[in-house]
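**Student:** Contents of start.cif (mmCIF, C-alpha atoms and all ligand atoms) are below:
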data_query
#
loop_
_atom_site.label_atom_id
_atom_site.label_comp_id
_atom_site.auth_asym_id
_atom_site.auth_seq_id
_atom_site.Cartn_x
_atom_site.Cartn_y
_atom_site.Cartn_z
CA MET Z 15 181.86 93.08 -3.14
CA TRP Z 16 178.15 93.90 -2.88
CA TRP Z 17 178.04 92.24 0.53
CA LEU Z 18 180.19 95.04 1.85
CA LEU Z 19 177.11 97.27 1.49
CA LEU Z 20 175.01 95.00 3.77
CA PRO Z 21 175.89 96.73 7.12
CA ALA Z 22 175.17 100.12 5.62
CA ALA Z 23 171.83 98.83 4.32
CA ALA Z 24 171.04 97.36 7.73
CA ILE Z 25 171.76 100.68 9.44
CA VAL Z 26 169.65 102.58 6.95
CA GLY Z 27 166.84 100.03 7.40
CA LYS Z 28 167.00 100.36 11.19
CA VAL Z 29 166.84 104.14 10.98
CA VAL Z 30 163.88 103.99 8.60
CA TYR Z 31 162.17 101.39 10.82
CA ASP Z 32 162.73 103.44 13.98
CA ALA Z 33 161.44 106.54 12.29
CA LEU Z 34 158.30 104.75 11.16
CA THR Z 35 157.59 103.02 14.48
CA LYS Z 36 158.53 105.91 16.78
CA GLU Z 37 155.71 106.63 19.22
CA GLU Z 38 154.51 110.19 19.22
CA LYS Z 39 155.02 111.41 22.83
CA PRO Z 40 152.24 113.69 23.97
CA SER Z 41 153.66 117.10 24.32
CA TYR Z 42 152.97 118.86 27.65
CA THR Z 43 152.47 122.56 27.66
CA PRO Z 44 152.09 123.95 31.17
CA PRO Z 45 149.20 126.38 31.51
CA ALA Z 46 150.22 129.95 31.22
CA TYR Z 47 150.71 131.55 34.67
CA ILE Z 48 148.00 134.03 35.45
CA PRO Z 49 148.85 136.05 38.53
CA PRO Z 50 145.93 136.25 41.00
CA THR Z 51 144.17 139.55 40.74
CA TYR Z 52 143.10 141.35 43.99
CA THR Z 53 140.43 143.96 43.86
CA PRO Z 54 140.16 145.75 47.17
CA PRO Z 55 136.57 146.25 48.36
CA ALA Z 56 135.19 149.67 47.63
CA TYR Z 57 135.71 152.00 50.62
CA THR Z 58 132.55 152.89 52.41
CA PRO Z 59 133.16 155.50 55.10
CA PRO Z 60 131.78 154.55 58.56
CA VAL Z 61 128.44 156.09 59.30
CA ALA Z 62 128.94 158.38 62.28
CA PRO Z 63 126.14 158.31 64.87
CA ARG Z 64 123.94 161.38 64.62
CA GLN Z 65 124.85 164.00 67.18
CA VAL Z 66 121.68 163.93 69.21
CA HIS Z 67 120.80 166.95 71.24
CA PHE Z 68 117.90 166.52 73.66
CA ASP Z 69 115.74 169.54 74.41
CA VAL Z 70 115.75 170.57 78.06
CA ARG Z 71 112.48 171.49 79.76
CA GLY Z 72 111.08 172.06 83.22
CA ASP Z 73 112.68 173.74 86.21
CA PHE Z 74 115.94 173.06 87.95
CA GLU Z 75 116.38 174.00 91.61
CA GLY Z 76 119.19 172.98 93.94
CA LYS Z 77 120.99 169.68 93.49
CA SER Z 78 119.69 167.32 90.86
CA VAL Z 79 119.37 163.57 90.37
CA LEU Z 80 119.83 162.35 86.80
CA VAL Z 81 117.30 159.57 86.15
CA ILE Z 82 118.32 157.24 83.32
CA GLY Z 83 117.24 153.85 81.99
CA ARG Z 84 115.75 152.03 79.05
CA THR Z 85 112.45 153.08 77.58
CA GLY Z 86 109.57 151.63 79.58
CA ALA Z 87 111.70 150.98 82.67
CA GLY Z 88 109.50 153.46 84.50
CA LYS Z 89 111.66 156.58 84.90
CA SER Z 90 108.76 159.02 84.52
CA SER Z 91 106.52 156.85 86.74
CA LEU Z 92 109.18 156.77 89.45
CA ILE Z 93 109.58 160.56 89.34
CA ASN Z 94 105.79 160.97 89.60
CA MET Z 95 105.80 158.64 92.62
CA LEU Z 96 108.63 160.53 94.33
CA ARG Z 97 107.08 163.91 93.56
CA GLY Z 98 103.72 162.69 94.86
CA GLU Z 99 101.71 163.76 91.82
CA GLN Z 100 101.38 162.84 88.16
CA VAL Z 101 103.40 165.59 86.49
CA LEU Z 102 105.06 163.55 83.74
CA GLU Z 103 103.46 161.64 80.92
CA VAL Z 104 103.72 157.89 81.30
CA GLY Z 105 103.56 155.65 78.26
CA VAL Z 106 101.89 152.32 77.74
CA ILE Z 107 103.07 151.73 74.16
CA GLY Z 108 106.37 152.89 72.66
CA SER Z 109 108.87 155.35 74.04
CA THR Z 110 107.31 158.41 75.64
CA THR Z 111 109.80 160.94 77.00
CA ARG Z 112 111.79 162.56 74.17
CA TRP Z 113 113.59 165.31 76.09
CA ILE Z 114 115.32 166.05 79.37
CA GLU Z 115 112.99 167.48 81.98
CA GLY Z 116 113.69 168.89 85.41
CA VAL Z 117 111.03 168.11 88.03
CA PRO Z 118 111.59 169.99 91.30
CA CYS Z 119 110.63 168.01 94.41
CA CYS Z 120 110.76 168.73 98.11
CA PHE Z 121 111.78 165.95 100.46
CA ASP Z 122 111.30 167.16 104.07
CA ASN Z 123 112.10 170.77 103.13
CA GLN Z 124 115.03 169.63 101.01
CA LYS Z 125 114.77 170.85 97.43
CA VAL Z 126 115.85 168.30 94.84
CA THR Z 127 115.39 168.32 91.07
CA LEU Z 128 114.70 164.91 89.57
CA VAL Z 129 115.82 164.97 85.93
CA ASP Z 130 113.78 162.74 83.61
CA SER Z 131 115.44 161.59 80.38
CA PRO Z 132 114.45 159.70 77.24
CA GLY Z 133 115.07 155.95 77.23
CA VAL Z 134 116.78 153.94 74.51
CA GLY Z 135 113.94 153.30 72.14
CA GLU Z 136 112.98 153.24 68.52
CA ALA Z 137 113.80 156.92 68.02
CA TYR Z 138 117.58 156.64 68.52
CA THR Z 139 120.33 154.08 68.27
CA ASN Z 140 122.02 153.19 71.55
CA ASP Z 141 125.06 155.32 70.64
CA GLU Z 142 122.96 158.33 69.70
CA TYR Z 143 120.94 158.03 72.88
CA ASN Z 144 124.10 157.75 75.02
CA ARG Z 145 125.61 160.83 73.36
CA GLY Z 146 122.48 162.87 74.01
CA ILE Z 147 122.57 162.01 77.74
CA GLU Z 148 126.36 162.47 77.92
CA GLU Z 149 126.10 165.91 76.33
CA TRP Z 150 123.68 167.11 79.03
CA PHE Z 151 125.64 165.42 81.83
CA ALA Z 152 128.97 166.92 80.72
CA LYS Z 153 127.42 170.41 80.91
CA SER Z 154 125.47 169.88 84.14
CA SER Z 155 127.51 167.42 86.21
CA GLY Z 156 128.40 170.19 88.67
CA SER Z 157 124.82 170.24 89.96
CA VAL Z 158 124.21 166.49 89.72
CA ALA Z 159 124.34 164.93 93.19
CA CYS Z 160 123.84 161.35 92.05
CA ILE Z 161 122.67 159.18 89.16
CA LEU Z 162 119.52 157.12 89.53
CA LEU Z 163 119.42 154.19 87.11
CA VAL Z 164 115.96 152.66 86.69
CA ILE Z 165 115.91 149.03 85.58
CA GLN Z 166 113.04 146.62 85.28
CA ALA Z 167 113.29 144.15 88.13
CA ASP Z 168 112.11 141.30 85.94
CA SER Z 169 114.59 142.01 83.12
CA LYS Z 170 117.94 140.22 82.80
CA ALA Z 171 119.68 142.24 80.07
CA HIS Z 172 121.40 145.37 81.34
CA SER Z 173 124.41 145.70 79.03
CA GLU Z 174 123.17 148.98 77.49
CA ASP Z 175 122.56 150.48 80.94
CA LYS Z 176 126.10 149.48 81.89
CA ARG Z 177 127.55 151.06 78.77
CA LEU Z 178 125.84 154.38 79.50
CA LEU Z 179 126.84 154.32 83.17
CA ASP Z 180 130.44 153.53 82.22
CA SER Z 181 130.58 156.54 79.88
CA LEU Z 182 128.97 158.87 82.46
CA VAL Z 183 131.44 157.71 85.13
CA CYS Z 184 134.25 158.59 82.69
CA ILE Z 185 132.89 162.17 82.51
CA SER Z 186 132.38 162.57 86.26
CA VAL Z 187 132.20 160.04 89.10
CA LYS Z 188 128.91 160.24 90.99
CA PRO Z 189 127.17 158.04 93.54
CA ILE Z 190 124.85 155.57 91.83
CA ILE Z 191 121.43 154.43 92.99
CA ILE Z 192 119.72 151.62 91.12
CA ALA Z 193 115.93 151.43 91.30
CA LEU Z 194 114.71 147.88 90.76
CA ASN Z 195 111.42 149.16 89.43
CA GLN Z 196 108.40 147.03 88.64
CA SER Z 197 109.28 144.77 91.57
CA ASP Z 198 105.63 143.76 91.61
CA LYS Z 199 106.40 141.77 88.43
CA ILE Z 200 108.88 139.53 90.24
CA THR Z 201 107.38 136.08 90.57
CA PRO Z 202 105.14 134.97 92.11
CA ILE Z 203 103.20 137.92 90.71
CA ARG Z 204 100.09 136.96 92.70
CA GLU Z 205 101.91 137.83 95.94
CA SER Z 206 101.36 141.49 96.66
CA PHE Z 207 103.26 143.85 98.91
CA THR Z 208 101.79 144.23 102.36
CA CYS Z 209 103.17 147.69 103.12
CA ASP Z 210 105.17 150.51 101.54
CA ASP Z 211 108.52 149.59 103.06
CA TRP Z 212 110.86 146.84 101.93
CA GLU Z 213 112.61 146.71 105.30
CA THR Z 214 109.49 145.98 107.28
CA ASP Z 215 107.45 144.17 104.67
CA THR Z 216 106.76 140.68 105.94
CA LEU Z 217 107.03 139.81 102.28
CA SER Z 218 110.80 139.72 102.67
CA ARG Z 219 110.29 136.28 104.15
CA SER Z 220 108.00 135.23 101.30
CA GLU Z 221 108.96 133.60 98.03
CA LYS Z 222 108.64 136.93 96.18
CA GLY Z 223 110.78 138.55 98.87
CA ARG Z 224 113.49 135.91 98.41
CA HIS Z 225 113.45 136.47 94.65
CA ILE Z 226 113.77 140.24 95.13
CA THR Z 227 116.69 139.66 97.52
CA ASP Z 228 118.34 137.42 94.90
CA LYS Z 229 117.80 140.10 92.23
CA ILE Z 230 119.39 142.75 94.47
CA ALA Z 231 122.45 140.49 94.94
CA GLU Z 232 122.66 139.78 91.19
CA THR Z 233 122.38 143.50 90.36
CA ALA Z 234 125.12 144.30 92.87
CA ARG Z 235 127.31 141.68 91.19
CA GLN Z 236 126.63 143.23 87.73
CA PHE Z 237 127.03 146.91 88.64
CA GLY Z 238 129.03 146.86 91.87
CA TYR Z 239 132.33 147.54 90.09
CA LEU Z 240 131.11 151.05 89.20
CA HIS Z 241 130.81 152.48 92.64
CA ASP Z 242 131.21 151.36 96.21
CA PRO Z 243 128.76 151.26 97.84
CA ILE Z 244 126.08 151.04 95.17
CA HIS Z 245 122.52 151.41 96.46
CA ILE Z 246 119.94 149.06 95.05
CA VAL Z 247 116.38 149.84 96.05
CA PRO Z 248 113.40 147.69 95.00
CA VAL Z 249 110.39 149.83 94.11
CA ALA Z 250 107.07 149.69 92.33
CA SER Z 251 105.95 152.97 90.80
CA ALA Z 252 102.88 152.21 88.71
CA SER Z 253 100.27 154.82 89.54
CA GLY Z 254 98.28 153.73 92.57
CA ALA Z 255 100.47 150.71 93.38
CA TYR Z 256 103.50 152.27 95.02
CA PHE Z 257 106.08 150.32 96.95
CA ASN Z 258 109.15 151.46 98.90
CA ARG Z 259 108.81 155.18 98.15
CA THR Z 260 110.06 156.13 101.61
CA ALA Z 261 113.27 154.09 101.28
CA MET Z 262 113.98 155.59 97.86
CA ILE Z 263 113.56 159.14 99.17
CA ARG Z 264 115.80 158.30 102.16
CA THR Z 265 118.50 156.97 99.81
CA ILE Z 266 118.38 160.07 97.57
CA LYS Z 267 118.42 162.46 100.55
CA ALA Z 268 121.62 160.85 101.81
CA TYR Z 269 123.40 162.45 98.81
CA MET Z 270 121.92 165.95 99.06
N1 LIG Z 301 103.65 146.81 86.82
C1 LIG Z 301 104.31 147.95 86.86
N2 LIG Z 301 104.28 148.79 85.80
C2 LIG Z 301 105.00 149.94 85.88
C3 LIG Z 301 105.76 150.28 87.00
N3 LIG Z 301 106.36 151.47 86.75
C4 LIG Z 301 105.95 151.85 85.54
N4 LIG Z 301 105.14 150.93 85.00
C5 LIG Z 301 104.51 150.99 83.68
O1 LIG Z 301 105.53 150.95 82.70
C6 LIG Z 301 105.14 151.71 81.56
C7 LIG Z 301 106.26 152.67 81.17
O2 LIG Z 301 106.41 153.62 82.19
P1 LIG Z 301 107.13 155.03 81.95
O3 LIG Z 301 107.21 155.68 83.28
O4 LIG Z 301 106.49 155.78 80.84
O5 LIG Z 301 108.57 154.52 81.48
P2 LIG Z 301 109.81 155.44 81.02
O6 LIG Z 301 111.03 154.77 81.51
O7 LIG Z 301 109.60 156.84 81.43
O8 LIG Z 301 109.75 155.28 79.44
P3 LIG Z 301 110.30 156.34 78.32
O9 LIG Z 301 109.72 157.68 78.61
O10 LIG Z 301 109.79 155.76 77.04
O11 LIG Z 301 111.79 156.32 78.37
C8 LIG Z 301 103.83 152.38 81.93
O12 LIG Z 301 102.78 151.62 81.37
C9 LIG Z 301 103.79 152.29 83.44
O13 LIG Z 301 102.48 152.25 83.96
C10 LIG Z 301 105.79 149.37 88.11
O14 LIG Z 301 106.44 149.55 89.14
N5 LIG Z 301 105.05 148.22 87.97
MG MG Z 302 109.43 158.62 80.38
#
Give the structure from the file, written as structure tokens.
Ligand SMILES: Nc1nc2c(ncn2[C@@H]2O[C@H](COP(=O)(O)OP(=O)(O)OP(=O)(O)O)[C@@H](O)[C@H]2O)c(=O)[nH]1
Ligand SMILES: [Mg+2]
**Tutor:**
Amino acid sequence: MWWLLLPAAAIVGKVVYDALTKEEKPSYTPPAYIPPTYTPPAYTPPVAPRQVHFDVRGDFEGKSVLVIGRTGAGKSSLINMLRGEQVLEVGVIGSTTRWIEGVPCCFDNQKVTLVDSPGVGEAYTNDEYNRGIEEWFAKSSGSVACILLVIQADSKAHSEDKRLLDSLVCISVKPIIIALNQSDKITPIRESFTCDDWETDTLSRSEKGRHITDKIAETARQFGYLHDPIHIVPVASASGAYFNRTAMIRTIKAYM
């Protein structure tokens, strides 16, 4: 009868064998979920441009012409040329004019005040400078007959001038005259002007004359959207080397 126990013994043996030979399966424990943490950047309030207030000097008579432009463009030199005497300080290094100054002039018995202004320079950021000019213009636009923007004829970057003009036009629309100052620096520099008048200067048929004509067309393309017509007058206003003074005075007088 013992053989009746054989199947039971076989089953027990199999179970024992399986238990002994069973491969340990590596257990997988997924990494614990850590939700991403977001730390918002610390809030730094925007730095507001300083409210710049330019001092106002000089005398104001009759209608005025606001003269604006980058530092070193030659605003003060141009006013000296138009006035016919050196009344304003002209700088060789760094920005010079730090205030707004009225310079009365008389063009053929017509009283006009040319208003010098500081240029964008190391003293102010572009925004601060623009606000200083805008503040004066907003108060005085009633007496401003036109805006005279002075740019360097040999410079290509005028985006800051455009920004200021855009904001002034938003305050009050005025005729705009652009002085292409330092025209003597247009290449070829060795060519000099033969007379004081762009219209009659034989130079207009020279290489320098062609370059100045091209610069006038390019300036009209860049600024023409602001006002129609926009007057662009090439000038040179370094003391003792004047060019096209008569045409500039004629252009200003047309708005008085
Ligand atoms: N070659 C040349 N130099 C010029 C001319 N006009 C002005 N300059 C020179 O440019 C420099 C700057 O002239 P300023 O009249 O002081 O310029 P500004 O625009 O009044 O400058 P800020 O007062 O700093 O805004 C001076 O050295 C001038 O002699 C020009 O037509 N030709
Ligand atoms: Mg100046």
**Student:** Which is closest to ligand MG 302 (chain Z) among Z:Arg224, Z:Arg259, Z:Arg84, Z:Lys199, if we use only C-alpha atoms and all ligand atoms?
**Tutor:**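 Closest residue, counting only C-alpha atoms and all ligand atoms: Z:Arg84.
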**Student:** Need the shell around Z:Asn144: protein/DNA/RNA residues with any atom at most 9 Å away, counting all atoms listed in the file. Skip same-chain ones fewer than 2 positions apart. Format as JSON, numbers by chain?
**Tutor:** {"Z": [66, 134, 139, 140, 141, 142, 146, 147, 148, 149, 177, 178, 181, 182]}
**Student:** Please return as a list in words every residue within 10 Å of (123.5, 166.5, 77.4), taking into account only C-alpha atoms and the file's own coordinates.
**Tutor:**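 Taken together, the residues in range are Val66, His67, Phe68, Asp69, Val70, Ile114, Ser131, Tyr143, Asn144, Arg145, Gly146, Ile147, Glu148, Glu149, Trp150, Phe151, Ala152, Lys153, Ser154 and Ser155 of chain Z.
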**Student:** Out of Z:Gly223, Z:Gly116, Z:Gly83, Z:Pro202, which residue has the shortest atom-to-atom distance to Z:Leu163 when counting all atoms listed in the file?
**Tutor:**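 Once distances to Z:Leu163 are computed over all atoms listed in the file, the minimum belongs to Z:Gly83.
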**Student:** Kindly work out which residues sit at most 9 Å from ligand LIG 301 (chain Z), using only C-alpha atoms and all ligand atoms, and give the list as a ChimeraX atom specification.
**Tutor:** /Z:82-94,102-113,130-135,164-167,194-199,249-253,255-257
**Student:** With only C-alpha atoms and all ligand atoms as the basis for distance, which of Z:Ala24, Z:Leu34, Z:Val81, Z:Leu179 is at the shortest distance from ligand MG 302 (chain Z)?
**Tutor:**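 For ligand MG 302 (chain Z), the nearest of the candidates is Z:Val81.
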**Student:** Could you state the separation of atom CA of Z:Gln65 and atom CA of Z:Cys184 in Å, given to one decimal place?
**Tutor:**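 Computed distance, atom CA of Z:Gln65 to atom CA of Z:Cys184, equals 18.9 Å.
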**Student:** Mind giving me the straight-line distance from atom CA of Z:Val129 to atom CA of Z:Phe74 in Å, one decimal?
**Tutor:**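 One can read the atom CA of Z:Val129 to atom CA of Z:Phe74 distance as 8.3 Å.
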**Student:** What is the distance between atom CA of Z:Thr35 and atom CA of Z:Leu20, in Å to one decimal?
**Tutor:**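 Calculated distance between atom CA of Z:Thr35 and atom CA of Z:Leu20 is 22.0 Å.
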**Student:** Skip Z:Ile230 itself and residues of its chain fewer than 2 positions away, then list as a ChimeraX atom specification all residues within 10 Å of it, counting only C-alpha atoms.
**Tutor:** /Z:167,192-194,224-228,232-236,245-248
**Student:** Go through Z:Asp180, Z:Glu115, Z:Arg71, Z:Pro60 one by one, measure the shortest atom-to-atom distance of each to ligand MG 302 (chain Z) using all atoms listed in the file, and give the residue with the smallest value.
**Tutor:**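 Between Z:Asp180, Z:Glu115, Z:Arg71, Z:Pro60, the residue approaching ligand MG 302 (chain Z) most closely is Z:Glu115.
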**Student:** Of the residues Z:Ile263, Z:Val158, Z:Leu240, Z:Val101, which is the one nearest to ligand MG 302 (chain Z), using only C-alpha atoms and all ligand atoms?
**Tutor:**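 That would be Z:Val101, the residue with the smallest distance to ligand MG 302 (chain Z).
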**Student:** With distances taken over only C-alpha atoms and all ligand atoms, which residue among Z:Ser157, Z:Gln100, Z:Val30, Z:Tyr52 lies nearest ligand MG 302 (chain Z)?
**Tutor:**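 Of all the options, Z:Gln100 lies closest to ligand MG 302 (chain Z).
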**Student:** Taking 2 positions as the minimum chain separation for residues in the same chain, which residues sit within 12 Å of Z:Ala159 when counting all atoms listed in the file? Answer as an MDAnalysis selection string.
**Tutor:** chainID Z and resid 76:81 126:129 151 154:157 161:162 186:191 265:270
